[in-house]
file entry.csv (CSV, C-alpha atoms and all ligand atoms)
chain,number,residue,atom,x,y,z
A,1,MET,CA,-50.1,23.7,48.5
A,2,LYS,CA,-46.7,22.0,48.3
A,3,LYS,CA,-43.6,24.1,47.7
A,4,ILE,CA,-41.2,22.6,45.2
A,5,LEU,CA,-37.7,24.0,44.3
A,6,LEU,CA,-36.7,23.5,40.7
A,7,ILE,CA,-33.0,23.2,40.3
A,8,GLY,CA,-31.6,23.6,36.8
A,9,THR,CA,-28.2,22.2,35.8
A,10,GLY,CA,-28.3,22.4,31.9
A,11,GLY,CA,-28.4,19.4,29.6
A,12,THR,CA,-30.5,18.8,26.4
A,13,ILE,CA,-33.7,20.0,28.2
A,14,ALA,CA,-32.2,23.5,28.5
A,15,SER,CA,-30.2,23.4,25.2
A,16,VAL,CA,-30.5,25.7,22.2
A,17,PRO,CA,-28.8,25.4,18.8
A,18,THR,CA,-25.4,27.1,18.4
A,19,GLU,CA,-23.0,27.1,15.5
A,20,ASN,CA,-21.2,24.2,17.3
A,21,GLY,CA,-24.2,22.1,18.1
A,22,LEU,CA,-26.6,22.0,21.0
A,23,ALA,CA,-25.5,23.7,24.3
A,24,PRO,CA,-27.4,24.8,27.4
A,25,GLY,CA,-29.0,28.2,26.8
A,26,LEU,CA,-32.5,28.3,28.5
A,27,SER,CA,-32.8,29.5,32.1
A,28,THR,CA,-34.7,27.4,34.6
A,29,ASP,CA,-37.5,30.0,34.5
A,30,GLU,CA,-37.8,29.6,30.7
A,31,ILE,CA,-38.0,25.8,31.1
A,32,LEU,CA,-40.7,26.2,33.7
A,33,LYS,CA,-42.8,28.2,31.2
A,34,ILE,CA,-43.4,25.1,29.1
A,35,VAL,CA,-45.3,23.5,31.9
A,36,PRO,CA,-47.6,26.2,33.2
A,37,GLU,CA,-50.0,23.5,34.5
A,38,VAL,CA,-47.6,22.7,37.4
A,39,ARG,CA,-48.6,26.0,39.0
A,40,SER,CA,-51.9,24.4,39.8
A,41,LEU,CA,-50.1,21.5,41.5
A,42,CYS,CA,-47.6,23.4,43.7
A,43,GLU,CA,-45.8,26.6,44.3
A,44,VAL,CA,-42.5,26.6,42.4
A,45,ASP,CA,-39.3,28.6,42.9
A,46,SER,CA,-36.3,28.0,40.6
A,47,ILE,CA,-32.6,28.3,40.8
A,48,GLN,CA,-29.8,27.4,38.5
A,49,PRO,CA,-26.6,26.6,40.3
A,50,ILE,CA,-25.1,24.8,37.2
A,51,SER,CA,-25.6,25.2,33.5
A,52,MET,CA,-23.7,22.7,31.4
A,53,ASP,CA,-23.8,19.7,29.2
A,54,SER,CA,-23.8,16.8,31.6
A,55,THR,CA,-20.7,15.4,29.9
A,56,ASN,CA,-19.0,18.1,32.0
A,57,ILE,CA,-20.5,17.0,35.4
A,58,ARG,CA,-17.9,16.1,38.0
A,59,PRO,CA,-18.0,15.0,41.7
A,60,GLY,CA,-17.6,18.7,42.7
A,61,HIS,CA,-21.0,19.3,41.2
A,62,TRP,CA,-22.6,16.5,43.2
A,63,ILE,CA,-21.2,18.2,46.3
A,64,LYS,CA,-22.6,21.5,45.1
A,65,LEU,CA,-26.1,20.0,44.5
A,66,THR,CA,-26.1,18.4,47.9
A,67,ASP,CA,-25.1,21.7,49.4
A,68,VAL,CA,-28.0,23.5,47.6
A,69,ILE,CA,-30.6,20.9,48.7
A,70,SER,CA,-29.4,20.9,52.3
A,71,GLY,CA,-29.5,24.7,52.4
A,72,PHE,CA,-33.1,24.8,51.1
A,73,TYR,CA,-34.3,21.5,52.7
A,74,GLU,CA,-36.4,23.0,55.4
A,75,GLN,CA,-38.0,25.6,53.1
A,76,TYR,CA,-39.4,23.2,50.5
A,77,ASP,CA,-41.5,20.0,50.4
A,78,GLY,CA,-39.6,18.5,47.4
A,79,PHE,CA,-37.0,19.1,44.7
A,80,VAL,CA,-37.0,18.7,41.0
A,81,ILE,CA,-33.6,18.7,39.3
A,82,THR,CA,-33.3,19.1,35.5
A,83,HIS,CA,-30.1,17.5,34.2
A,84,GLY,CA,-28.5,16.3,31.0
A,85,THR,CA,-29.3,12.6,30.4
A,86,ASP,CA,-25.7,11.5,29.6
A,87,THR,CA,-24.6,11.4,33.3
A,88,LEU,CA,-28.0,11.6,35.0
A,89,ALA,CA,-27.7,8.0,36.3
A,90,TYR,CA,-24.3,8.9,37.9
A,91,THR,CA,-25.7,12.0,39.5
A,92,ALA,CA,-28.8,10.2,40.8
A,93,ALA,CA,-26.5,7.5,42.4
A,94,ALA,CA,-24.1,10.0,43.9
A,95,LEU,CA,-27.0,12.0,45.4
A,96,SER,CA,-28.4,8.7,46.8
A,97,TYR,CA,-25.3,8.3,48.9
A,98,MET,CA,-24.8,12.0,49.8
A,99,ILE,CA,-28.5,12.6,50.8
A,100,GLN,CA,-29.8,9.6,52.7
A,101,ASN,CA,-33.2,8.9,54.3
A,102,SER,CA,-34.8,11.9,52.7
A,103,GLU,CA,-38.5,11.9,53.4
A,104,LYS,CA,-38.8,14.7,50.9
A,105,PRO,CA,-38.7,13.6,47.2
A,106,ILE,CA,-35.7,14.7,45.2
A,107,VAL,CA,-36.6,14.0,41.5
A,108,LEU,CA,-34.2,14.1,38.6
A,109,THR,CA,-35.4,14.5,35.0
A,110,GLY,CA,-34.3,15.8,31.6
A,111,ALA,CA,-35.1,15.3,28.0
A,112,GLN,CA,-33.8,13.7,24.8
A,113,ILE,CA,-35.0,16.7,22.7
A,114,PRO,CA,-34.5,20.3,23.8
A,115,ALA,CA,-37.5,21.9,25.5
A,116,GLY,CA,-37.9,24.5,22.8
A,117,GLU,CA,-38.0,22.0,19.9
A,118,LEU,CA,-41.1,20.6,18.3
A,119,GLY,CA,-41.9,17.1,19.6
A,120,SER,CA,-39.8,17.5,22.7
A,121,ASP,CA,-40.3,15.1,25.6
A,122,ALA,CA,-39.4,17.9,28.1
A,123,GLY,CA,-43.0,18.9,28.8
A,124,ARG,CA,-44.1,15.4,29.7
A,125,ASN,CA,-41.0,14.6,31.8
A,126,LEU,CA,-41.2,17.9,33.7
A,127,ALA,CA,-45.0,17.5,34.4
A,128,ASP,CA,-44.4,13.9,35.6
A,129,ALA,CA,-41.5,15.0,37.7
A,130,PHE,CA,-43.6,17.6,39.5
A,131,THR,CA,-46.5,15.2,39.8
A,132,TYR,CA,-44.2,12.7,41.5
A,133,ALA,CA,-42.5,15.4,43.7
A,134,CYS,CA,-45.9,16.6,44.9
A,135,ASP,CA,-47.2,13.2,46.0
A,136,GLU,CA,-47.3,12.4,49.7
A,137,ASN,CA,-45.9,8.9,49.2
A,138,SER,CA,-42.8,9.9,47.2
A,139,HIS,CA,-39.5,10.0,49.1
A,140,GLY,CA,-35.8,9.7,48.4
A,141,ILE,CA,-33.9,10.2,45.2
A,142,SER,CA,-35.4,9.1,41.9
A,143,ILE,CA,-35.4,9.6,38.2
A,144,VAL,CA,-38.7,10.4,36.4
A,145,PHE,CA,-38.3,9.9,32.7
A,146,SER,CA,-40.8,8.8,30.0
A,147,GLY,CA,-43.3,7.7,32.6
A,148,SER,CA,-40.9,5.5,34.5
A,149,VAL,CA,-39.9,6.3,38.1
A,150,ILE,CA,-36.5,4.7,38.8
A,151,CYS,CA,-34.7,4.4,42.1
A,152,GLY,CA,-31.7,6.7,42.2
A,153,THR,CA,-29.3,3.9,42.8
A,154,ARG,CA,-30.7,1.7,40.0
A,155,ALA,CA,-30.7,3.8,36.8
A,156,ARG,CA,-28.8,3.4,33.6
A,157,LYS,CA,-29.1,5.3,30.3
A,158,ASN,CA,-29.9,2.4,27.9
A,159,TYR,CA,-30.7,4.4,24.8
A,160,SER,CA,-29.0,7.4,23.3
A,161,LYS,CA,-32.0,8.7,21.4
A,162,ARG,CA,-35.4,7.2,22.2
A,163,PHE,CA,-37.6,8.8,24.8
A,164,ASP,CA,-37.6,5.9,27.3
A,165,ALA,CA,-33.9,6.2,27.6
A,166,PHE,CA,-33.5,4.9,31.2
A,167,GLY,CA,-33.9,1.4,32.6
A,168,SER,CA,-34.0,0.2,36.2
A,169,ILE,CA,-31.2,-2.3,36.5
A,170,ASN,CA,-31.6,-5.5,38.7
A,171,PHE,CA,-34.5,-3.8,40.5
A,172,PRO,CA,-38.1,-3.0,39.6
A,173,GLU,CA,-39.2,0.5,38.8
A,174,LEU,CA,-40.6,2.3,41.8
A,175,ALA,CA,-43.6,3.5,39.9
A,176,ARG,CA,-45.1,4.4,36.5
A,177,ILE,CA,-46.8,7.7,35.7
A,178,GLN,CA,-49.7,7.4,33.2
A,179,GLY,CA,-52.0,10.3,32.3
A,180,GLY,CA,-50.8,12.2,35.4
A,181,LYS,CA,-51.6,9.3,37.7
A,182,ILE,CA,-48.9,7.5,39.8
A,183,LEU,CA,-49.0,3.7,39.8
A,184,ARG,CA,-46.8,2.9,42.7
A,185,PHE,CA,-45.1,-0.5,42.8
A,186,ILE,CA,-42.7,0.1,45.7
A,187,LYS,CA,-43.6,2.1,48.8
A,188,ASP,CA,-40.6,3.6,50.6
A,189,GLY,CA,-40.7,5.3,54.0
A,190,PHE,CA,-37.8,6.9,55.9
A,191,THR,CA,-38.1,7.4,59.6
A,192,ASP,CA,-34.5,8.1,60.7
A,193,GLY,CA,-34.4,11.7,59.4
A,194,VAL,CA,-32.4,13.0,56.5
A,195,LYS,CA,-28.6,12.8,56.6
A,196,PHE,CA,-26.4,14.9,54.3
A,197,TYR,CA,-22.8,13.9,53.6
A,198,GLU,CA,-20.5,16.6,52.5
A,199,ASN,CA,-17.4,14.5,51.5
A,200,LEU,CA,-16.7,12.5,48.5
A,201,ASN,CA,-13.3,11.3,47.3
A,202,PRO,CA,-13.4,12.1,43.6
A,203,ASN,CA,-10.3,10.0,43.0
A,204,VAL,CA,-12.0,6.9,41.8
A,205,GLY,CA,-11.9,5.4,38.3
A,206,ILE,CA,-13.6,2.7,36.2
A,207,LEU,CA,-11.6,0.2,34.1
A,208,LYS,CA,-13.5,-1.7,31.4
A,209,LEU,CA,-11.6,-4.9,30.6
A,210,ALA,CA,-11.1,-5.7,26.9
A,211,PRO,CA,-9.7,-9.0,25.6
A,212,GLY,CA,-5.9,-8.7,25.5
A,213,MET,CA,-5.8,-5.7,27.7
A,214,ARG,CA,-2.2,-4.9,28.9
A,215,ARG,CA,-1.3,-5.2,32.5
A,216,ASP,CA,0.4,-1.8,32.6
A,217,VAL,CA,-2.9,-0.1,31.8
A,218,MET,CA,-4.3,-1.6,35.0
A,219,ARG,CA,-1.2,-0.7,36.9
A,220,PHE,CA,-1.4,2.9,35.6
A,221,LEU,CA,-5.0,3.3,36.8
A,222,LEU,CA,-4.4,1.6,40.1
A,223,ASN,CA,-1.5,4.1,40.6
A,224,CYS,CA,-3.7,7.1,39.6
A,225,TYR,CA,-6.7,6.4,41.8
A,226,ASP,CA,-7.5,5.6,45.4
A,227,GLY,CA,-10.4,3.3,44.3
A,228,LEU,CA,-11.0,1.5,41.0
A,229,VAL,CA,-14.1,-0.3,39.8
A,230,ILE,CA,-13.1,-3.0,37.3
A,231,GLU,CA,-15.8,-3.9,34.9
A,232,SER,CA,-14.9,-7.5,34.0
A,233,PHE,CA,-16.6,-10.0,31.8
A,234,GLY,CA,-19.6,-12.2,32.6
A,235,VAL,CA,-20.1,-13.0,36.3
A,236,GLY,CA,-16.6,-11.7,36.9
A,237,GLY,CA,-12.9,-12.5,36.9
A,238,ILE,CA,-9.6,-11.2,35.8
A,239,PRO,CA,-7.4,-12.6,33.0
A,240,GLU,CA,-4.7,-15.1,33.8
A,241,TYR,CA,-2.3,-14.4,30.9
A,242,SER,CA,-0.4,-11.7,32.9
A,243,ASP,CA,0.0,-10.9,36.6
A,244,PHE,CA,-3.1,-8.7,37.0
A,245,TYR,CA,-3.7,-10.4,40.4
A,246,GLY,CA,-0.3,-9.1,41.5
A,247,GLU,CA,-1.1,-5.6,40.4
A,248,ILE,CA,-4.4,-5.6,42.4
A,249,GLU,CA,-2.7,-7.1,45.4
A,250,ALA,CA,0.0,-4.4,45.4
A,251,ALA,CA,-2.6,-1.7,45.1
A,252,ILE,CA,-4.6,-3.1,48.0
A,253,GLU,CA,-1.5,-3.3,50.1
A,254,ALA,CA,-0.9,0.4,49.3
A,255,GLY,CA,-4.4,1.1,50.9
A,256,LYS,CA,-6.5,1.4,47.7
A,257,MET,CA,-9.9,-0.2,47.2
A,258,VAL,CA,-10.8,-2.3,44.2
A,259,VAL,CA,-14.4,-3.3,43.3
A,260,LEU,CA,-15.0,-6.1,40.7
A,261,THR,CA,-18.2,-5.8,38.7
A,262,THR,CA,-19.3,-6.9,35.3
A,263,GLN,CA,-19.8,-5.1,32.0
A,264,VAL,CA,-22.9,-7.3,31.3
A,265,PRO,CA,-25.9,-5.0,31.6
A,266,ASN,CA,-28.1,-7.2,33.8
A,267,GLU,CA,-27.9,-9.7,36.7
A,268,GLY,CA,-24.6,-8.5,38.2
A,269,SER,CA,-21.5,-10.4,39.3
A,270,ASP,CA,-20.8,-13.7,41.1
A,271,ILE,CA,-17.0,-13.9,41.1
A,272,ALA,CA,-16.7,-17.1,43.0
A,273,VAL,CA,-18.1,-19.2,40.1
A,274,TYR,CA,-15.1,-19.5,37.8
A,275,GLN,CA,-11.4,-20.0,38.5
A,276,VAL,CA,-10.7,-16.6,37.0
A,277,GLY,CA,-12.6,-14.9,39.8
A,278,ASN,CA,-12.6,-17.5,42.5
A,279,ILE,CA,-9.0,-16.9,43.5
A,280,LEU,CA,-9.7,-13.2,44.0
A,281,LYS,CA,-12.8,-14.1,45.9
A,282,LYS,CA,-11.1,-16.5,48.3
A,283,SER,CA,-8.3,-14.0,48.9
A,284,GLY,CA,-10.9,-11.5,50.0
A,285,ILE,CA,-8.8,-8.5,48.8
A,286,VAL,CA,-11.4,-7.1,46.3
A,287,LEU,CA,-14.9,-6.0,46.9
A,288,GLU,CA,-17.7,-7.4,44.7
A,289,ALA,CA,-20.5,-5.3,43.3
A,290,TYR,CA,-23.0,-8.1,43.0
A,291,ASP,CA,-26.2,-6.7,41.7
A,292,MET,CA,-25.2,-3.0,42.1
A,293,THR,CA,-24.9,-0.9,38.9
A,294,THR,CA,-21.5,0.4,37.9
A,295,GLU,CA,-22.9,3.9,38.4
A,296,ALA,CA,-23.8,3.0,42.0
A,297,ALA,CA,-20.6,1.1,42.7
A,298,PHE,CA,-18.5,3.9,41.3
A,299,THR,CA,-20.2,6.7,43.3
A,300,LYS,CA,-20.5,4.6,46.4
A,301,LEU,CA,-16.8,4.0,46.4
A,302,MET,CA,-16.3,7.8,46.3
A,303,TRP,CA,-18.6,8.1,49.2
A,304,VAL,CA,-16.9,5.3,51.2
A,305,LEU,CA,-13.4,6.7,50.5
A,306,GLY,CA,-14.7,10.1,51.6
A,307,HIS,CA,-15.0,8.7,55.1
A,308,ASP,CA,-12.0,9.1,57.5
A,309,CYS,CA,-12.1,5.5,58.9
A,310,SER,CA,-10.4,2.1,58.8
A,311,VAL,CA,-10.2,-0.2,55.8
A,312,GLU,CA,-12.6,-2.7,57.7
A,313,GLU,CA,-15.1,0.1,58.2
A,314,ARG,CA,-14.9,1.2,54.6
A,315,ARG,CA,-15.6,-2.4,53.5
A,316,ARG,CA,-18.5,-2.6,55.9
A,317,LEU,CA,-19.9,0.7,54.5
A,318,PHE,CA,-19.6,-0.6,50.9
A,319,TYR,CA,-21.6,-3.7,51.7
A,320,THR,CA,-24.2,-1.8,53.7
A,321,PRO,CA,-27.3,-1.6,51.4
A,322,ILE,CA,-28.3,2.0,50.8
A,323,TYR,CA,-31.6,2.9,49.2
A,324,HIS,CA,-32.1,-0.4,47.4
A,325,ASP,CA,-28.6,-0.3,45.8
A,326,LEU,CA,-27.6,-3.8,46.9
A,327,LEU,CA,-29.9,-6.9,47.3
A,328,GLN,CA,-27.5,-9.8,47.3
A,329,THR,CA,-24.3,-10.3,49.2
A,330,ASP,CA,-22.8,-13.3,50.8
A,331,MET,CA,-21.2,-11.2,53.6
A,401,LIG,N1,-25.4,15.8,26.1
A,401,LIG,C1,-26.6,16.0,26.8
A,401,LIG,C2,-26.3,16.1,28.3
A,401,LIG,O1,-26.2,15.1,28.9
A,401,LIG,C3,-27.6,14.9,26.5
A,401,LIG,C4,-29.0,15.1,27.1
A,401,LIG,O2,-29.2,15.8,28.1
A,401,LIG,O3,-29.9,14.3,26.7
A,401,LIG,O4,-26.2,17.1,28.8

call {"tool": "encode", "arguments": {"input": "entry.csv", "output": "structure tokens", "more": "lines below"}}
Ligand code: ASP
result
Amino acid sequence: MKKILLIGTGGTIASVPTENGLAPGLSTDEILKIVPEVRSLCEVDSIQPISMDSTNIRPGHWIKLTDVISGFYEQYDGFVITHGTDTLAYTAAALSYMIQNSEKPIVLTGAQIPAGELGSDAGRNLADAFTYACDENSHGISIVFSGSVICGTRARKNYSKRFDAFGSINFPELARIQGGKILRFIKDGFTDGVKFYENLNPNVGILKLAPGMRRDVMRFLLNCYDGLVIESFGVGGIPEYSDFYGEIEAAIEAGKMVVLTTQVPNEGSDIAVYQVGNILKKSGIVLEAYDMTTEAAFTKLMWVLGHDCSVEERRRLFYTPIYHDLLQTDM
């Protein structure tokens, strides 16, 4: 029988009513009690290194989760992490960079309605997550939610309330789980051996452009951070009504990294198309996210900046596809 470690971190799935609204209150053992059937699938142990609404999750927690999984890696056949849905896609992406080539499945799940409430989706999501974690052909980091299995680098929370909250962006779902059976669309295999990365540079930000945005806002963020992901419009570009280009150029000269992406939910960037992006593209000073999600580009930049290496090597790392995060480049 497989041995699975359940790692609790809080979120709605573990939440209970308080006088100030929902807050995590159930232990991982209490959550496990709602799916007694998983005991017939696998042996389960549980730990709870974090207990918080995922709004509070920060890069330090991703380092902690990586540390927990690397510490228990040899003892278990797979891992199920329960997590709040709000930042679940960020955590899945971060773990995809920090834990690479994992032949053992690391499955994240959560719920839109607390486990203890009538009509909760927690039971189904947990049961599916364990089913997926116990399967021989499951590897790497994934999110199992409402029957979808989504690659860790490709998830986004698309709905704030409905059960099928997560979508797989610019990439097919890895599998579907229906009636406890896995319909696998993509078969992954890792042969190089798992690699854990301990370092992330948390000093990375995201700037969503808005029409009429002031240049000093961009300057402020470029000063604050070592890396900035700019979510621009459409296929990508920066406004021409003020010297945004000069701000970016000065930041790059100061050793910072800037990634241009799009705030459009699907199909990614192609910044060479219009004059507003073409000049940046030709100058080669910014990186382009192409079909990567913002969640992936943001956490990958933290991982890249966590390396002690040259700018050229960092750029190479950013464009190196990791666990299906990037299909298209023109590099
Ligand atoms: N605010 C909650 C959280 O992300 C929402 C959820 O889990 O669905 O922790």

call {"tool": "atom_distance", "arguments": {"input": "entry.csv", "atom1": "CA of Leu222 in chain A", "atom2": "CA of Arg154 in chain A"}}
result
26.3 Å

call {"tool": "residues_near_ligand", "arguments": {"input": "entry.csv", "ligand": "ligand LIG 401 (chain A)", "cutoff": "9 Å", "atoms": "all atoms listed in the file", "output": "JSON, numbers by chain"}}
result
{"A": [9, 10, 11, 12, 13, 14, 15, 22, 23, 24, 52, 53, 54, 55, 56, 57, 83, 84, 85, 86, 87, 88, 110, 111, 112, 113, 114, 160, 161]}

call {"tool": "closest_residue", "arguments": {"input": "entry.csv", "among": "A:Asp135, A:Asp192, A:Asp308, A:Glu231", "to": "Gly268 in chain A", "atoms": "all atoms listed in the file"}}
result
A:Glu231

call {"tool": "atom_distance", "arguments": {"input": "entry.csv", "atom1": "CA of Phe163 in chain A", "atom2": "CA of Asn266 in chain A"}}
result
20.7 Å

call {"tool": "residues_around", "arguments": {"input": "entry.csv", "residues": "range 244-246 of chain A", "least_positions_apart": "3", "cutoff": "8 Å", "atoms": "all atoms listed in the file", "output": "NGL selection string"}}
result
:A and (215 or 218 or 238-240 or 249-250 or 280)

call {"tool": "atom_distance", "arguments": {"input": "entry.csv", "atom1": "CA of Asp45 in chain A", "atom2": "CA of Thr28 in chain A"}}
result
9.6 Å

call {"tool": "residues_around", "arguments": {"input": "entry.csv", "residues": "Gly60 in chain A", "least_positions_apart": "6", "cutoff": "12 Å", "atoms": "all atoms listed in the file", "output": "NGL selection string"}}
result
:A and (50 or 66-67 or 91 or 94-95 or 198-203 or 302)

call {"tool": "residues_around", "arguments": {"input": "entry.csv", "residues": "Ser146 in chain A", "least_positions_apart": "2", "cutoff": "12 Å", "atoms": "only C-alpha atoms", "output": "number ranges by chain"}}
result
A: 109-112, 120-129, 143-144, 148-150, 162-167, 175-180

call {"tool": "write_last_selection", "arguments": {"input": "entry.csv", "atoms": "C-alpha atoms", "output": "CSV table (one decimal), keeping the file's coordinate frame"}}
result
chain,number,residue,atom,x,y,z
A,109,THR,CA,-35.4,14.5,35.0
A,110,GLY,CA,-34.3,15.8,31.6
A,111,ALA,CA,-35.1,15.3,28.0
A,112,GLN,CA,-33.8,13.7,24.8
A,120,SER,CA,-39.8,17.5,22.7
A,121,ASP,CA,-40.3,15.1,25.6
A,122,ALA,CA,-39.4,17.9,28.1
A,123,GLY,CA,-43.0,18.9,28.8
A,124,ARG,CA,-44.1,15.4,29.7
A,125,ASN,CA,-41.0,14.6,31.8
A,126,LEU,CA,-41.2,17.9,33.7
A,127,ALA,CA,-45.0,17.5,34.4
A,128,ASP,CA,-44.4,13.9,35.6
A,129,ALA,CA,-41.5,15.0,37.7
A,143,ILE,CA,-35.4,9.6,38.2
A,144,VAL,CA,-38.7,10.4,36.4
A,148,SER,CA,-40.9,5.5,34.5
A,149,VAL,CA,-39.9,6.3,38.1
A,150,ILE,CA,-36.5,4.7,38.8
A,162,ARG,CA,-35.4,7.2,22.2
A,163,PHE,CA,-37.6,8.8,24.8
A,164,ASP,CA,-37.6,5.9,27.3
A,165,ALA,CA,-33.9,6.2,27.6
A,166,PHE,CA,-33.5,4.9,31.2
A,167,GLY,CA,-33.9,1.4,32.6
A,175,ALA,CA,-43.6,3.5,39.9
A,176,ARG,CA,-45.1,4.4,36.5
A,177,ILE,CA,-46.8,7.7,35.7
A,178,GLN,CA,-49.7,7.4,33.2
A,179,GLY,CA,-52.0,10.3,32.3
A,180,GLY,CA,-50.8,12.2,35.4

call {"tool": "residues_near_point", "arguments": {"input": "entry.csv", "point": "(-12.5, 7.1, 36.2)", "cutoff": "9 Å", "atoms": "all atoms listed in the file", "output": "list in words"}}
result
Pro202, Asn203, Val204, Gly205, Ile206, Leu207, Leu221, Tyr225, Leu228, Val229 and Phe298 of chain A

call {"tool": "residues_around", "arguments": {"input": "entry.csv", "residues": "Thr320 in chain A", "least_positions_apart": "4", "cutoff": "12 Å", "atoms": "all atoms listed in the file", "output": "ChimeraX atom specification"}}
result
/A:97,289,292,297,300-301,304,313-316,324-331

call {"tool": "closest_residue", "arguments": {"input": "entry.csv", "among": "A:Leu32, A:Val194, A:Ala155, A:Ile141", "to": "Asn170 in chain A", "atoms": "all atoms listed in the file"}}
result
A:Ala155
